[in-house]
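Next comes query.txt, a file with compact mmCIF, C-alpha atoms.
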```
# COMPACT_ATOMS: atom_id res chain seq x y z
CA ALA A 23 -24.36 5.00 -27.75
CA GLN A 24 -22.98 1.53 -27.29
CA LYS A 25 -19.40 1.16 -28.30
CA ILE A 26 -19.58 -2.61 -28.58
CA THR A 27 -22.68 -4.27 -29.97
CA GLN A 28 -23.36 -7.99 -29.85
CA THR A 29 -26.72 -8.55 -31.50
CA GLN A 30 -27.08 -12.25 -30.76
CA PRO A 31 -28.26 -12.87 -27.19
CA GLY A 32 -28.07 -16.61 -27.80
CA MET A 33 -26.69 -18.97 -30.41
CA PHE A 34 -27.00 -22.71 -30.88
CA VAL A 35 -24.62 -24.94 -32.81
CA GLN A 36 -24.20 -28.64 -33.33
CA GLU A 37 -21.06 -30.27 -32.04
CA LYS A 38 -18.24 -30.30 -34.63
CA GLU A 39 -19.81 -27.51 -36.67
CA ALA A 40 -18.48 -23.96 -37.01
CA VAL A 41 -20.22 -20.94 -35.52
CA THR A 42 -19.82 -17.19 -35.94
CA LEU A 43 -20.50 -14.76 -33.11
CA ASP A 44 -21.08 -11.20 -34.24
CA CYS A 45 -19.52 -8.06 -32.86
CA THR A 46 -19.61 -4.49 -34.16
CA TYR A 47 -17.81 -1.57 -32.59
CA ASP A 48 -17.80 2.18 -32.69
CA THR A 49 -14.71 4.32 -32.27
CA SER A 50 -13.07 7.34 -33.84
CA ASP A 51 -9.61 6.42 -32.59
CA PRO A 52 -7.25 5.19 -35.31
CA SER A 53 -5.54 2.88 -32.83
CA TYR A 54 -7.62 0.35 -30.94
CA GLY A 55 -7.73 -3.30 -30.07
CA LEU A 56 -10.48 -5.86 -30.10
CA PHE A 57 -10.73 -8.84 -27.82
CA TRP A 58 -12.91 -11.86 -27.30
CA TYR A 59 -13.36 -13.43 -23.91
CA LYS A 60 -15.14 -16.62 -22.88
CA GLN A 61 -17.02 -16.80 -19.61
CA PRO A 62 -18.08 -20.31 -18.54
CA SER A 63 -20.72 -20.81 -15.89
CA SER A 64 -17.96 -20.85 -13.28
CA GLY A 65 -17.60 -17.11 -13.86
CA GLU A 66 -14.00 -16.46 -14.80
CA MET A 67 -13.25 -14.48 -17.95
CA ILE A 68 -10.90 -16.35 -20.27
CA PHE A 69 -8.99 -14.45 -22.96
CA LEU A 70 -9.42 -16.03 -26.39
CA ILE A 71 -8.08 -13.80 -29.12
CA TYR A 72 -6.89 -10.26 -29.91
CA GLN A 73 -6.91 -8.11 -33.06
CA GLY A 74 -5.10 -4.81 -33.33
CA SER A 75 -6.51 -2.12 -35.57
CA TYR A 76 -3.33 -2.00 -37.63
CA ASP A 77 -2.95 -5.74 -37.97
CA GLN A 78 -3.07 -6.69 -41.62
CA GLN A 79 -4.08 -10.28 -41.11
CA ASN A 80 -7.00 -11.72 -39.20
CA ALA A 81 -5.98 -13.16 -35.84
CA THR A 82 -6.15 -16.90 -35.26
CA GLU A 83 -5.65 -18.96 -32.12
CA GLY A 84 -6.24 -22.66 -32.57
CA ARG A 85 -9.95 -23.16 -33.28
CA TYR A 86 -10.65 -19.45 -32.82
CA SER A 87 -10.33 -16.90 -35.58
CA LEU A 88 -11.37 -13.29 -35.74
CA ASN A 89 -13.02 -12.06 -38.93
CA PHE A 90 -11.92 -8.42 -38.84
CA GLN A 91 -13.64 -6.10 -41.31
CA LYS A 92 -12.36 -2.64 -40.50
CA ALA A 93 -14.53 -0.71 -42.94
CA ARG A 94 -17.64 -2.33 -41.50
CA LYS A 95 -16.32 -1.99 -37.95
CA SER A 96 -16.96 -5.62 -37.26
CA ALA A 97 -14.88 -8.20 -35.43
CA ASN A 98 -16.72 -11.48 -35.53
CA LEU A 99 -15.44 -14.54 -33.70
CA VAL A 100 -15.42 -17.80 -35.60
CA ILE A 101 -15.18 -21.04 -33.65
CA SER A 102 -14.43 -24.05 -35.81
CA ALA A 103 -15.27 -27.64 -34.91
CA SER A 104 -17.39 -26.72 -31.89
CA GLN A 105 -17.01 -28.78 -28.75
CA LEU A 106 -19.42 -29.27 -25.86
CA GLY A 107 -16.98 -27.37 -23.66
CA ASP A 108 -17.43 -24.30 -25.83
CA SER A 109 -20.85 -23.72 -24.29
CA ALA A 110 -20.45 -20.41 -22.43
CA MET A 111 -20.99 -16.67 -22.63
CA TYR A 112 -18.78 -14.89 -25.13
CA PHE A 113 -17.90 -11.23 -24.80
CA CYS A 114 -16.43 -8.90 -27.36
CA ALA A 115 -14.41 -6.00 -25.96
CA MET A 116 -12.58 -2.97 -27.28
CA ARG A 117 -9.50 -1.35 -25.82
CA GLU A 118 -9.72 2.37 -25.30
CA GLY A 119 -7.01 4.78 -24.28
CA GLU A 120 -3.25 4.57 -24.48
CA GLY A 121 -0.37 3.47 -22.35
CA GLY A 122 -1.18 2.98 -18.71
CA SER A 123 -4.72 4.34 -19.02
CA GLU A 124 -5.97 1.64 -21.34
CA LYS A 125 -9.28 0.07 -20.44
CA LEU A 126 -11.64 -2.46 -21.93
CA VAL A 127 -15.25 -1.77 -22.88
CA PHE A 128 -17.36 -4.92 -23.14
CA GLY A 129 -20.45 -5.82 -25.09
CA LYS A 130 -23.44 -7.53 -23.52
CA GLY A 131 -22.36 -10.96 -24.61
CA THR A 132 -23.69 -13.91 -26.57
CA LYS A 133 -24.64 -17.17 -24.92
CA LEU A 134 -23.41 -20.09 -27.01
CA THR A 135 -24.90 -23.53 -26.56
CA VAL A 136 -23.25 -26.48 -28.26
CA ASN A 137 -25.61 -29.41 -28.78
CA PRO A 138 -24.39 -33.01 -28.98
CA GLU B 16 2.08 -19.10 -12.29
CA ALA B 17 -0.71 -18.38 -9.83
CA GLY B 18 -3.71 -16.55 -11.21
CA VAL B 19 -5.67 -13.62 -9.85
CA ALA B 20 -7.12 -14.51 -6.47
CA GLN B 21 -10.35 -13.10 -5.10
CA SER B 22 -12.27 -13.60 -1.91
CA PRO B 23 -14.89 -14.23 -0.84
CA ARG B 24 -16.44 -16.08 -3.78
CA TYR B 25 -19.97 -15.44 -2.59
CA LYS B 26 -21.51 -12.90 -0.26
CA ILE B 27 -25.09 -12.23 0.78
CA ILE B 28 -25.90 -9.06 2.71
CA GLU B 29 -28.90 -6.93 3.48
CA LYS B 30 -29.30 -3.49 1.99
CA ARG B 31 -27.60 -0.71 3.91
CA GLN B 32 -24.95 -3.11 5.18
CA SER B 33 -21.31 -2.80 4.18
CA VAL B 34 -19.14 -5.35 2.39
CA ALA B 35 -15.54 -5.65 1.28
CA PHE B 36 -13.90 -7.70 -1.44
CA TRP B 37 -10.25 -8.63 -1.70
CA CYS B 38 -8.06 -9.18 -4.75
CA ASN B 39 -4.50 -10.39 -5.14
CA PRO B 40 -3.21 -9.89 -8.70
CA ILE B 41 -0.71 -11.97 -10.58
CA SER B 42 2.78 -11.40 -9.22
CA GLY B 43 4.52 -8.58 -11.02
CA HIS B 44 1.37 -7.14 -12.58
CA ALA B 45 1.31 -3.44 -11.80
CA THR B 46 -2.11 -2.69 -13.27
CA LEU B 47 -5.21 -3.82 -11.41
CA TYR B 48 -8.85 -3.43 -12.41
CA TRP B 49 -12.16 -3.84 -10.63
CA TYR B 50 -15.21 -4.58 -12.75
CA GLN B 51 -18.89 -4.87 -11.93
CA GLN B 52 -20.86 -7.39 -13.96
CA ILE B 53 -24.61 -7.21 -13.53
CA LEU B 54 -26.55 -10.29 -14.61
CA GLY B 55 -27.03 -10.35 -18.36
CA GLN B 56 -24.45 -7.68 -19.09
CA GLY B 57 -20.78 -7.43 -19.82
CA PRO B 58 -18.31 -6.28 -17.18
CA LYS B 59 -18.12 -2.55 -16.51
CA LEU B 60 -14.90 -1.01 -15.28
CA LEU B 61 -15.22 0.56 -11.85
CA ILE B 62 -11.64 1.52 -11.09
CA GLN B 63 -8.15 1.00 -12.47
CA PHE B 64 -4.92 1.18 -10.49
CA GLN B 65 -1.37 1.55 -11.73
CA ASN B 66 0.74 0.38 -8.81
CA ASN B 67 -0.99 2.15 -5.90
CA GLY B 68 -2.25 5.12 -7.91
CA VAL B 69 -5.71 5.50 -9.40
CA VAL B 70 -5.70 5.80 -13.21
CA ASP B 71 -9.46 5.79 -13.85
CA ASP B 72 -12.35 5.82 -11.39
CA SER B 73 -14.83 7.69 -13.55
CA GLN B 74 -17.48 4.98 -13.25
CA LEU B 75 -17.06 4.30 -9.55
CA PRO B 76 -20.08 5.47 -7.49
CA LYS B 77 -17.94 7.32 -5.02
CA ASP B 78 -20.76 8.06 -2.60
CA ARG B 79 -20.85 4.38 -1.62
CA PHE B 80 -17.93 2.59 -3.29
CA SER B 81 -14.30 2.92 -2.33
CA ALA B 82 -11.18 1.04 -3.32
CA GLU B 83 -7.57 1.04 -2.31
CA ARG B 84 -4.39 -0.67 -3.31
CA LEU B 85 -1.92 -0.16 -0.56
CA LYS B 86 1.69 -1.05 -1.41
CA GLY B 87 0.70 -1.58 -5.03
CA VAL B 88 -0.16 -5.26 -4.66
CA ASP B 89 -3.41 -6.40 -3.02
CA SER B 90 -6.56 -4.38 -3.42
CA THR B 91 -9.86 -4.09 -1.58
CA LEU B 92 -13.17 -2.83 -2.89
CA LYS B 93 -15.74 -1.68 -0.36
CA ILE B 94 -19.42 -0.87 -0.63
CA GLN B 95 -21.02 1.11 2.16
CA PRO B 96 -24.01 1.17 2.36
CA ALA B 97 -25.09 -1.45 -0.16
CA LYS B 98 -28.17 -1.08 -2.33
CA LEU B 99 -30.24 -3.72 -4.06
CA GLU B 100 -28.84 -2.67 -7.43
CA ASP B 101 -25.33 -3.50 -6.28
CA SER B 102 -26.14 -7.20 -6.67
CA ALA B 103 -23.61 -8.33 -9.25
CA VAL B 104 -20.39 -10.22 -9.78
CA TYR B 105 -17.32 -8.17 -8.94
CA LEU B 106 -14.36 -9.16 -11.06
CA CYS B 107 -10.77 -8.27 -10.42
CA ALA B 108 -8.23 -8.35 -13.24
CA SER B 109 -4.58 -7.56 -13.63
CA SER B 110 -2.19 -6.91 -16.49
CA PRO B 111 1.52 -6.24 -16.90
CA THR B 112 2.79 -2.69 -17.17
CA PRO B 113 3.20 -1.42 -19.76
CA PRO B 114 0.33 -3.49 -21.07
CA THR B 115 1.44 -5.70 -23.91
CA VAL B 116 -1.85 -6.00 -25.73
CA SER B 117 -3.81 -5.11 -22.63
CA GLU B 118 -4.41 -8.77 -22.11
CA GLN B 119 -6.11 -8.79 -18.78
CA TYR B 120 -6.15 -11.81 -16.53
CA PHE B 121 -9.34 -12.16 -14.55
CA GLY B 122 -10.03 -13.66 -11.18
CA PRO B 123 -13.00 -15.94 -10.48
CA GLY B 124 -15.11 -13.05 -9.20
CA THR B 125 -17.17 -12.41 -6.09
CA ARG B 126 -20.91 -12.87 -6.46
CA LEU B 127 -22.71 -10.31 -4.28
CA THR B 128 -26.39 -10.61 -3.47
CA VAL B 129 -28.04 -7.71 -1.69
CA THR B 130 -31.43 -8.53 -0.16
```

What would you get if you wrote out this structure as structure tokens?
Amino acid sequence: AQKITQTQPGMFVQEKEAVTLDCTYDTSDPSYGLFWYKQPSSGEMIFLIYQGSYDQQNATEGRYSLNFQKARKSANLVISASQLGDSAMYFCAMREGEGGSEKLVFGKGTKLTVNP
Amino acid sequence: EAGVAQSPRYKIIEKRQSVAFWCNPISGHATLYWYQQILGQGPKLLIQFQNNGVVDDSQLPKDRFSAERLKGVDSTLKIQPAKLEDSAVYLCASSPTPPTVSEQYFGPGTRLTVT
């Protein structure tokens, strides 16, 4: 069973509008972390935002916010005021393990296209 | 601060040949990861090092893949012999130890094409 599910293979948004990228996860661990990474066509993975399972508030980083709904096991990424440079693949990931044996499990990604 | 360096950026080989990739993590980062990213999928962890010791290699196809991190700094990933299904981008990442929030810093990747 997939641990990270991203159901939107592709999303389109108009420049300056907001967009939500969906992510659901599956874990029985009480302690976990959720991440979003951006991967432009150049290939590097760029860290965007992190949410810990015990964090009370939703994480925000500039135009990025994470809509964390623990009971639903969802961690959607919201990008406000989309820019042309936001066009890229977006990956949701979950941290598994503890201490030095932590690792990330990634979803299949969502391709975001921002239209002018 | 210099980022994670990888080389080569691109490599084309024929099946049954061997290939090696090199990674230099961010200075001071003790944890190093190798991921395989097949087209249309997210990265999959192949192996994780803590200094020069292996922490997790459960998804590394050990019959053909090998990796080492001598002296706990640079790392090489080798495939011998390569198969068509090994065509992918190989990403190296590093993080501080102990991981803060496991924020991993990725290199630009090596795109391997096996023909």

Within 10 Å of Thr125 in chain B, counting all atoms listed in the file, which residues qualify if same-chain residues fewer than 4 places away don't, as a ChimeraX atom specification? /A:65 /B:21-26,36-38,51,103-107

File dump, residues just selected, C-alpha atoms, as a PDB file, in the coordinates of the input:
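Final file, result.pdb:
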```pdb
ATOM      1  CA  GLY A  65     -17.600 -17.110 -13.860  1.00  0.00           C
TER       2      GLY A  65
ATOM      3  CA  GLN B  21     -10.350 -13.100  -5.100  1.00  0.00           C
ATOM      4  CA  SER B  22     -12.270 -13.600  -1.910  1.00  0.00           C
ATOM      5  CA  PRO B  23     -14.890 -14.230  -0.840  1.00  0.00           C
ATOM      6  CA  ARG B  24     -16.440 -16.080  -3.780  1.00  0.00           C
ATOM      7  CA  TYR B  25     -19.970 -15.440  -2.590  1.00  0.00           C
ATOM      8  CA  LYS B  26     -21.510 -12.900  -0.260  1.00  0.00           C
ATOM      9  CA  PHE B  36     -13.900  -7.700  -1.440  1.00  0.00           C
ATOM     10  CA  TRP B  37     -10.250  -8.630  -1.700  1.00  0.00           C
ATOM     11  CA  CYS B  38      -8.060  -9.180  -4.750  1.00  0.00           C
ATOM     12  CA  GLN B  51     -18.890  -4.870 -11.930  1.00  0.00           C
ATOM     13  CA  ALA B 103     -23.610  -8.330  -9.250  1.00  0.00           C
ATOM     14  CA  VAL B 104     -20.390 -10.220  -9.780  1.00  0.00           C
ATOM     15  CA  TYR B 105     -17.320  -8.170  -8.940  1.00  0.00           C
ATOM     16  CA  LEU B 106     -14.360  -9.160 -11.060  1.00  0.00           C
ATOM     17  CA  CYS B 107     -10.770  -8.270 -10.420  1.00  0.00           C
TER      18      CYS B 107
END
```

Using only C-alpha atoms, the residue out of B:Val129, B:Ile27, B:Leu47, B:Leu54 with shortest distance to Thr91 in chain B is B:Leu47

For chain A, list the residues within 8 Å of chain B, counting only C-alpha atoms, and write the list as a list in words. Gly55, Ser64, Gly65, Glu66, Met67, Ile68, Phe69, Tyr72, Phe113, Arg117, Gly121, Gly122, Ser123, Glu124, Lys125, Leu126, Val127, Phe128, Gly129, Lys130 and Gly131 of chain A

Restricting the calculation to only C-alpha atoms, which member of B:Ile53, B:Pro40, B:Ser33, B:Ser102 is positioned closest to Arg79 in chain B?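 Using only C-alpha atoms, the shortest distance to Arg79 in chain B belongs to B:Ser33.
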
Contacts of range 35-48 of chain A at 8 Å (all atoms listed in the file; same-chain gap of 5+ positions) as a VMD selection string: chain A and resid 24 to 30 94 to 106 114 116 132 134 to 138

What's the separation between CA of Asn39 in chain B and CA of Ala82 in chain B, in Å to one decimal place? 13.4 Å
